[in-house]
Structure formats: C-alpha cells, structure tokens
Amino acid sequence: GYLGVDIFFVISGFVITASLSKRDNRRFLRFISDFYSRRIRRLLPALIFFLIIGSLLICMVDLVPRNSLLLGLSSLFGISNFFLISHSTDYFGEAAEFLAFTHTWSLSVEEQFYFVFPFLIFLSNFGSQNKTFNKKLFFILICLAIASLILYIFFYYSNQSIAYFSMPTRFWEIASGCICFQIYNLRKKNFHLGYKFFPIISISGIFITFFQSNQFALVNTIAIVFFTLIFIYFYDSKEKTYLLLSNDKLTFIGRISYSLYLWHWIIICISRWTIGINYWSIPIQIIIIYFSSTF
C-alpha cells in the first residue's frame, strides 16, 4: 500500500545518519563533494536506465504519454513532486494511477532532503565531534520535525497535493529516523522483559495499519511512522522478528529494494493500461517486477 513510502522515509533517515556518523566532516568541501558523489553513483545510473526503458514502454500503451514523459524527465532533476503539486494530482486518484512515473515523487523528496541534511550535519559537528549523539543536531531535528508535522497536518486539510508530495511536509518522517539513530545508541543494553514484546507489537501494528481505509490517511501515516520507530528502536538480534527479517531471501529483497522501487510502479501502470490487475494476473506481475528489478 501507499504506507510503504512512510516506512521507507523513516528507515532512510536512520541509515543516512548512521552513514554520515562514520564520515569525517571537518573539511566542508571534501565532506559535501564526497556525500553528493556517493548519492549520484547510488541513484542516477539505475534511474536513467529505468527512465529510458520506461518511457519507451509507456509510449506503446498510452496514446497521449506527454504527462508521463514530462514527469519522468522532472524526476531526473529531482523535482517530480513539484510537477505533481503543480497539476494538483490526487495522491489516491485515478489520474495518478495511470502516470508511469508517479512514484518518483518520493525519490525527489529524498533528494531535496539531501540538499538540507548534510549542512545540518556539518554545522552541528556531528560525526567528527560525536558519532552517536549530538545535542545540537538532536534539538535542531526535533524543532524542524515538529514544524514539518504541523505543516503536514495543516495542508492535509487545505491542500492534500502539498501535504503528500512536498519535502517540507515529509521532512518529519525522514527526520524521525535521524533522531531515532541518535537515541538508539543511548538505549539501555538490558531491557525489561516487557520490552522484548515491542518488536512483535510494533510489526503487528504496521500490518494492521496497512489494512485501514485511505480516508484515515492522516492517522495511518502518523501511526505507521510511530510503529516503524518503535520496531527499529526495540529490535533485538535474539528475537524471532529479527531472525525472520534477516534471513537470506528477505535480505536479498532488501539489496534490490531500490530497483524494486523503480520498476514496480511502471509494471503496475502498464497493467492498468492493458490487462488490468486481477487475482489471476497478480502472480505474473509480481514475477515480472522481481526479475526486472533483479536484472
């Protein structure tokens, strides 16, 4: 469901903070150039290949592919979310479901976050001064996350395109993962017995939230972020949930997750233009998504 992107934002904030905590940021130009060069190498090659093949495919099924192609082009520059906002696209609407590159809005949000976060890291001396917890960065992120959440709630009722697609209204989700990384390293090593049930409770909460109606999107979004944070914070390598999620087959899916993200939507979109999405077609579509992502 649509809530997968919220989980992604939280994990992304956690992982990017963990990565930057290992970097020497005492030299600004070297720190920034190293950060962006790694992001470019990670994101652009797969994205460019996907956009070329995806554009050719959508032109075969969509008689008027202009909006899809413009959206794909804007994603190359990290502004596809602006395109969707400018067209007042309904996040849950039919029009969005037939645009081949709708899903790239979240990649654009991520890239726009990257224009802000490294500067916060450098200005707070996080990494070079303290690799686990930095009070200055912690309080900056808390303040910005609260402001971002307030913006999200405000625009949810006044302009849902902005609420769903803009970086300032999504900043709180990524920032919550960044904050989680800092306090994660301060947690007590020996939990009380009750804490050991938190991973199971939180992952159950995630699945229950998946099945809630879209009309409760605001509550669902906040709930899914909360449950994801609880799961990350209280996970224990000895617990069954950890053993399940760390098995080879699931970690392989994790390794190809960026490709899965890129390819899943266009295959679903082309299916909507052609055979539709039915119970009999779903296994075929999943197989195509899996192999195209692996390739």
# chains A, B, ... in the order shown; residues from 1 in each chain; ligands from 1
$ residues_around --residues "Gln212 (chain A)" --least-positions-apart "6" --cutoff "12 Å" --atoms "only C-alpha atoms" --output "PyMOL selection string"
chain A and resi 1-3+205-206+218-221+223-224
$ select_by_dssp --residues "region 238-278 of chain A" --states "alpha helix (DSSP H)" --output "PyMOL selection string"
chain A and resi 240-245+248-255+257-273
$ closest_atom_pairs --of "region 98-216 of chain A" --to "region 46-69 of chain A" --cutoff "7 Å" --atoms "only C-alpha atoms" --output "tab-separated table"
residue	atom	partner	partner_atom	distance
A:Leu99	CA	A:Ser68	CA	5.2
A:Ala100	CA	A:Ser68	CA	5.5
A:Phe101	CA	A:Ser68	CA	6.2
$ residues_around --residues "Arg38 (chain A)" --least-positions-apart "5" --cutoff "12 Å" --atoms "only C-alpha atoms" --output "PyMOL selection string"
chain A and resi 16+19-20+31-33+43-45+114
$ closest_residue --among "A:Phe126, A:Phe197, A:Tyr184, A:Tyr261" --to "Trp105 (chain A)" --atoms "only C-alpha atoms"
A:Tyr261
$ atom_distance --atom1 "CA of Leu120 (chain A)" --atom2 "CA of Ser106 (chain A)"
21.0 Å
$ residues_around --residues "region 274-291 of chain A" --least-positions-apart "3" --cutoff "7 Å" --atoms "only C-alpha atoms" --output "PDB file with N, CA and C atoms, in the first residue's frame"
ATOM      1  N   LEU A 260      13.497  -2.455  -7.052  1.00  0.00           N
ATOM      2  CA  LEU A 260      12.089  -2.802  -6.856  1.00  0.00           C
ATOM      3  C   LEU A 260      11.224  -1.553  -6.821  1.00  0.00           C
ATOM      4  N   TRP A 263      10.948  -0.119 -10.504  1.00  0.00           N
ATOM      5  CA  TRP A 263      10.266  -0.892 -11.536  1.00  0.00           C
ATOM      6  C   TRP A 263       8.843  -1.315 -11.188  1.00  0.00           C
ATOM      7  N   HIS A 264       8.518  -1.387  -9.904  1.00  0.00           N
ATOM      8  CA  HIS A 264       7.214  -1.963  -9.557  1.00  0.00           C
ATOM      9  C   HIS A 264       6.053  -1.139 -10.122  1.00  0.00           C
ATOM     10  N   ILE A 267       5.289  -1.276 -14.031  1.00  0.00           N
ATOM     11  CA  ILE A 267       4.688  -2.551 -14.424  1.00  0.00           C
ATOM     12  C   ILE A 267       3.221  -2.587 -14.011  1.00  0.00           C
ATOM     13  N   ILE A 270       1.443  -0.110 -16.512  1.00  0.00           N
ATOM     14  CA  ILE A 270       1.229  -0.713 -17.835  1.00  0.00           C
ATOM     15  C   ILE A 270       0.120  -1.766 -17.761  1.00  0.00           C
ATOM     16  N   SER A 271       0.064  -2.488 -16.655  1.00  0.00           N
ATOM     17  CA  SER A 271      -1.009  -3.473 -16.469  1.00  0.00           C
ATOM     18  C   SER A 271      -2.371  -2.798 -16.473  1.00  0.00           C
ATOM     19  N   THR A 294      15.752  -7.464 -10.390  1.00  0.00           N
ATOM     20  CA  THR A 294      16.998  -8.214 -10.226  1.00  0.00           C
ATOM     21  C   THR A 294      17.962  -7.930 -11.367  1.00  0.00           C
ATOM     22  N   PHE A 295      17.407  -7.853 -12.579  1.00  0.00           N
ATOM     23  CA  PHE A 295      18.230  -7.541 -13.769  1.00  0.00           C
ATOM     24  C   PHE A 295      18.854  -6.159 -13.632  1.00  0.00           C
TER      25      PHE A 295
END
$ residues_around --residues "Thr104 (chain A)" --least-positions-apart "3" --cutoff "12 Å" --atoms "only C-alpha atoms" --output "mmCIF file with N, CA and C atoms, in the first residue's frame"
data_model
loop_
_atom_site.group_PDB
_atom_site.id
_atom_site.type_symbol
_atom_site.label_atom_id
_atom_site.label_comp_id
_atom_site.auth_asym_id
_atom_site.auth_seq_id
_atom_site.Cartn_x
_atom_site.Cartn_y
_atom_site.Cartn_z
ATOM 1 N N VAL A 5 5.916 3.941 1.616
ATOM 2 C CA VAL A 5 6.828 5.064 1.443
ATOM 3 C C VAL A 5 7.146 5.723 2.779
ATOM 4 N N LEU A 43 22.198 6.538 -7.088
ATOM 5 C CA LEU A 43 20.842 6.759 -7.583
ATOM 6 C C LEU A 43 20.723 6.882 -9.100
ATOM 7 N N LEU A 47 18.379 4.921 -12.258
ATOM 8 C CA LEU A 47 17.254 5.791 -12.595
ATOM 9 C C LEU A 47 17.236 6.119 -14.084
ATOM 10 N N PHE A 50 16.177 3.088 -16.080
ATOM 11 C CA PHE A 50 14.744 2.881 -15.859
ATOM 12 C C PHE A 50 13.902 3.883 -16.655
ATOM 13 N N LEU A 51 14.299 5.154 -16.662
ATOM 14 C CA LEU A 51 13.529 6.180 -17.357
ATOM 15 C C LEU A 51 13.530 5.964 -18.874
ATOM 16 N N SER A 68 3.233 11.672 -18.580
ATOM 17 C CA SER A 68 4.137 10.664 -18.018
ATOM 18 C C SER A 68 5.588 10.972 -18.368
ATOM 19 N N LEU A 71 6.824 13.991 -16.470
ATOM 20 C CA LEU A 71 7.035 13.599 -15.081
ATOM 21 C C LEU A 71 8.339 12.823 -14.933
ATOM 22 N N GLY A 72 8.603 11.927 -15.890
ATOM 23 C CA GLY A 72 9.850 11.171 -15.870
ATOM 24 C C GLY A 72 11.060 12.072 -16.022
ATOM 25 N N LEU A 73 10.967 13.056 -16.923
ATOM 26 C CA LEU A 73 12.064 13.996 -17.119
ATOM 27 C C LEU A 73 12.315 14.815 -15.855
ATOM 28 N N SER A 74 11.243 15.251 -15.205
ATOM 29 C CA SER A 74 11.398 16.040 -13.979
ATOM 30 C C SER A 74 12.027 15.225 -12.852
ATOM 31 N N SER A 75 11.773 13.911 -12.857
ATOM 32 C CA SER A 75 12.357 13.060 -11.818
ATOM 33 C C SER A 75 13.870 12.967 -11.952
ATOM 34 N N LEU A 76 14.355 13.120 -13.182
ATOM 35 C CA LEU A 76 15.798 13.086 -13.420
ATOM 36 C C LEU A 76 16.498 14.251 -12.720
ATOM 37 N N PHE A 77 15.769 15.344 -12.516
ATOM 38 C CA PHE A 77 16.319 16.531 -11.855
ATOM 39 C C PHE A 77 15.808 16.668 -10.412
ATOM 40 N N GLY A 78 15.131 15.628 -9.921
ATOM 41 C CA GLY A 78 14.694 15.618 -8.534
ATOM 42 C C GLY A 78 13.551 16.559 -8.226
ATOM 43 N N ILE A 79 12.670 16.801 -9.213
ATOM 44 C CA ILE A 79 11.566 17.754 -8.994
ATOM 45 C C ILE A 79 10.220 17.179 -9.443
ATOM 46 N N SER A 80 10.109 15.875 -9.528
ATOM 47 C CA SER A 80 8.830 15.289 -9.984
ATOM 48 C C SER A 80 7.704 15.566 -8.993
ATOM 49 N N ASN A 81 8.038 15.742 -7.728
ATOM 50 C CA ASN A 81 6.989 16.088 -6.750
ATOM 51 C C ASN A 81 6.406 17.473 -7.033
ATOM 52 N N PHE A 82 7.247 18.405 -7.515
ATOM 53 C CA PHE A 82 6.746 19.734 -7.890
ATOM 54 C C PHE A 82 5.786 19.634 -9.072
ATOM 55 N N PHE A 83 6.096 18.745 -10.012
ATOM 56 C CA PHE A 83 5.226 18.526 -11.171
ATOM 57 C C PHE A 83 3.848 18.064 -10.712
ATOM 58 N N LEU A 84 3.810 17.121 -9.776
ATOM 59 C CA LEU A 84 2.539 16.588 -9.287
ATOM 60 C C LEU A 84 1.764 17.629 -8.489
ATOM 61 N N ALA A 96 -3.377 9.643 -11.064
ATOM 62 C CA ALA A 96 -2.049 9.282 -10.561
ATOM 63 C C ALA A 96 -1.722 7.820 -10.862
ATOM 64 N N LEU A 99 -0.209 7.396 -14.418
ATOM 65 C CA LEU A 99 1.039 8.082 -14.750
ATOM 66 C C LEU A 99 2.204 7.151 -14.442
ATOM 67 N N ALA A 100 3.045 6.900 -15.445
ATOM 68 C CA ALA A 100 4.069 5.861 -15.315
ATOM 69 C C ALA A 100 5.117 6.154 -14.255
ATOM 70 N N PHE A 101 5.353 7.429 -13.958
ATOM 71 C CA PHE A 101 6.448 7.780 -13.050
ATOM 72 C C PHE A 101 5.962 8.516 -11.801
ATOM 73 N N LEU A 107 11.363 9.831 -4.412
ATOM 74 C CA LEU A 107 12.799 9.962 -4.665
ATOM 75 C C LEU A 107 13.189 11.440 -4.716
ATOM 76 N N SER A 108 12.323 12.272 -5.293
ATOM 77 C CA SER A 108 12.575 13.710 -5.339
ATOM 78 C C SER A 108 12.580 14.312 -3.938
ATOM 79 N N VAL A 109 11.649 13.867 -3.095
ATOM 80 C CA VAL A 109 11.628 14.329 -1.702
ATOM 81 C C VAL A 109 12.932 13.954 -1.009
ATOM 82 N N GLU A 110 13.371 12.726 -1.235
ATOM 83 C CA GLU A 110 14.625 12.253 -0.652
ATOM 84 C C GLU A 110 15.806 13.096 -1.118
ATOM 85 N N GLU A 111 15.865 13.376 -2.407
ATOM 86 C CA GLU A 111 16.972 14.162 -2.951
ATOM 87 C C GLU A 111 16.948 15.592 -2.423
ATOM 88 N N PHE A 165 3.095 15.438 -1.327
ATOM 89 C CA PHE A 165 4.207 15.424 -2.274
ATOM 90 C C PHE A 165 5.371 16.358 -1.938
ATOM 91 N N TYR A 258 15.960 -0.714 -4.115
ATOM 92 C CA TYR A 258 15.900 0.496 -4.944
ATOM 93 C C TYR A 258 15.372 0.167 -6.332
ATOM 94 N N TYR A 261 11.721 -0.556 -6.116
ATOM 95 C CA TYR A 261 11.011 0.724 -6.040
ATOM 96 C C TYR A 261 10.838 1.336 -7.427
ATOM 97 N N LEU A 262 11.902 1.341 -8.226
ATOM 98 C CA LEU A 262 11.830 1.954 -9.552
ATOM 99 C C LEU A 262 10.869 1.207 -10.477
ATOM 100 N N TRP A 263 10.948 -0.119 -10.504
ATOM 101 C CA TRP A 263 10.266 -0.892 -11.536
ATOM 102 C C TRP A 263 8.843 -1.315 -11.188
ATOM 103 N N HIS A 264 8.518 -1.387 -9.904
ATOM 104 C CA HIS A 264 7.214 -1.963 -9.557
ATOM 105 C C HIS A 264 6.053 -1.139 -10.122
ATOM 106 N N TRP A 265 6.192 0.201 -10.043
ATOM 107 C CA TRP A 265 5.044 1.040 -10.386
ATOM 108 C C TRP A 265 4.753 1.035 -11.887
ATOM 109 N N ILE A 266 5.799 1.077 -12.700
ATOM 110 C CA ILE A 266 5.554 1.146 -14.146
ATOM 111 C C ILE A 266 4.934 -0.159 -14.650
#
$ residues_around --residues "region 132-147 of chain A" --least-positions-apart "3" --cutoff "8 Å" --atoms "only C-alpha atoms" --output "number ranges by chain"
A: 21, 120-121, 124-127, 129, 150-151, 171-173, 175-176, 178-179, 181-183, 185-186
$ closest_residue --among "A:Gly177, A:Pro199, A:Gly254, A:Pro118" --to "Phe28 (chain A)" --atoms "only C-alpha atoms"
A:Pro118
$ atom_distance --atom1 "CA of Ile200 (chain A)" --atom2 "CA of Thr17 (chain A)"
25.2 Å
$ atom_distance --atom1 "CA of Ile222 (chain A)" --atom2 "CA of Phe252 (chain A)"
28.5 Å
$ closest_residue --among "A:Ile201, A:Phe113, A:Tyr36, A:Ser213" --to "Thr169 (chain A)" --atoms "only C-alpha atoms"
A:Phe113
$ closest_residue --among "A:Leu123, A:Val225, A:Lys238, A:Ile268" --to "Arg170 (chain A)" --atoms "only C-alpha atoms"
A:Val225
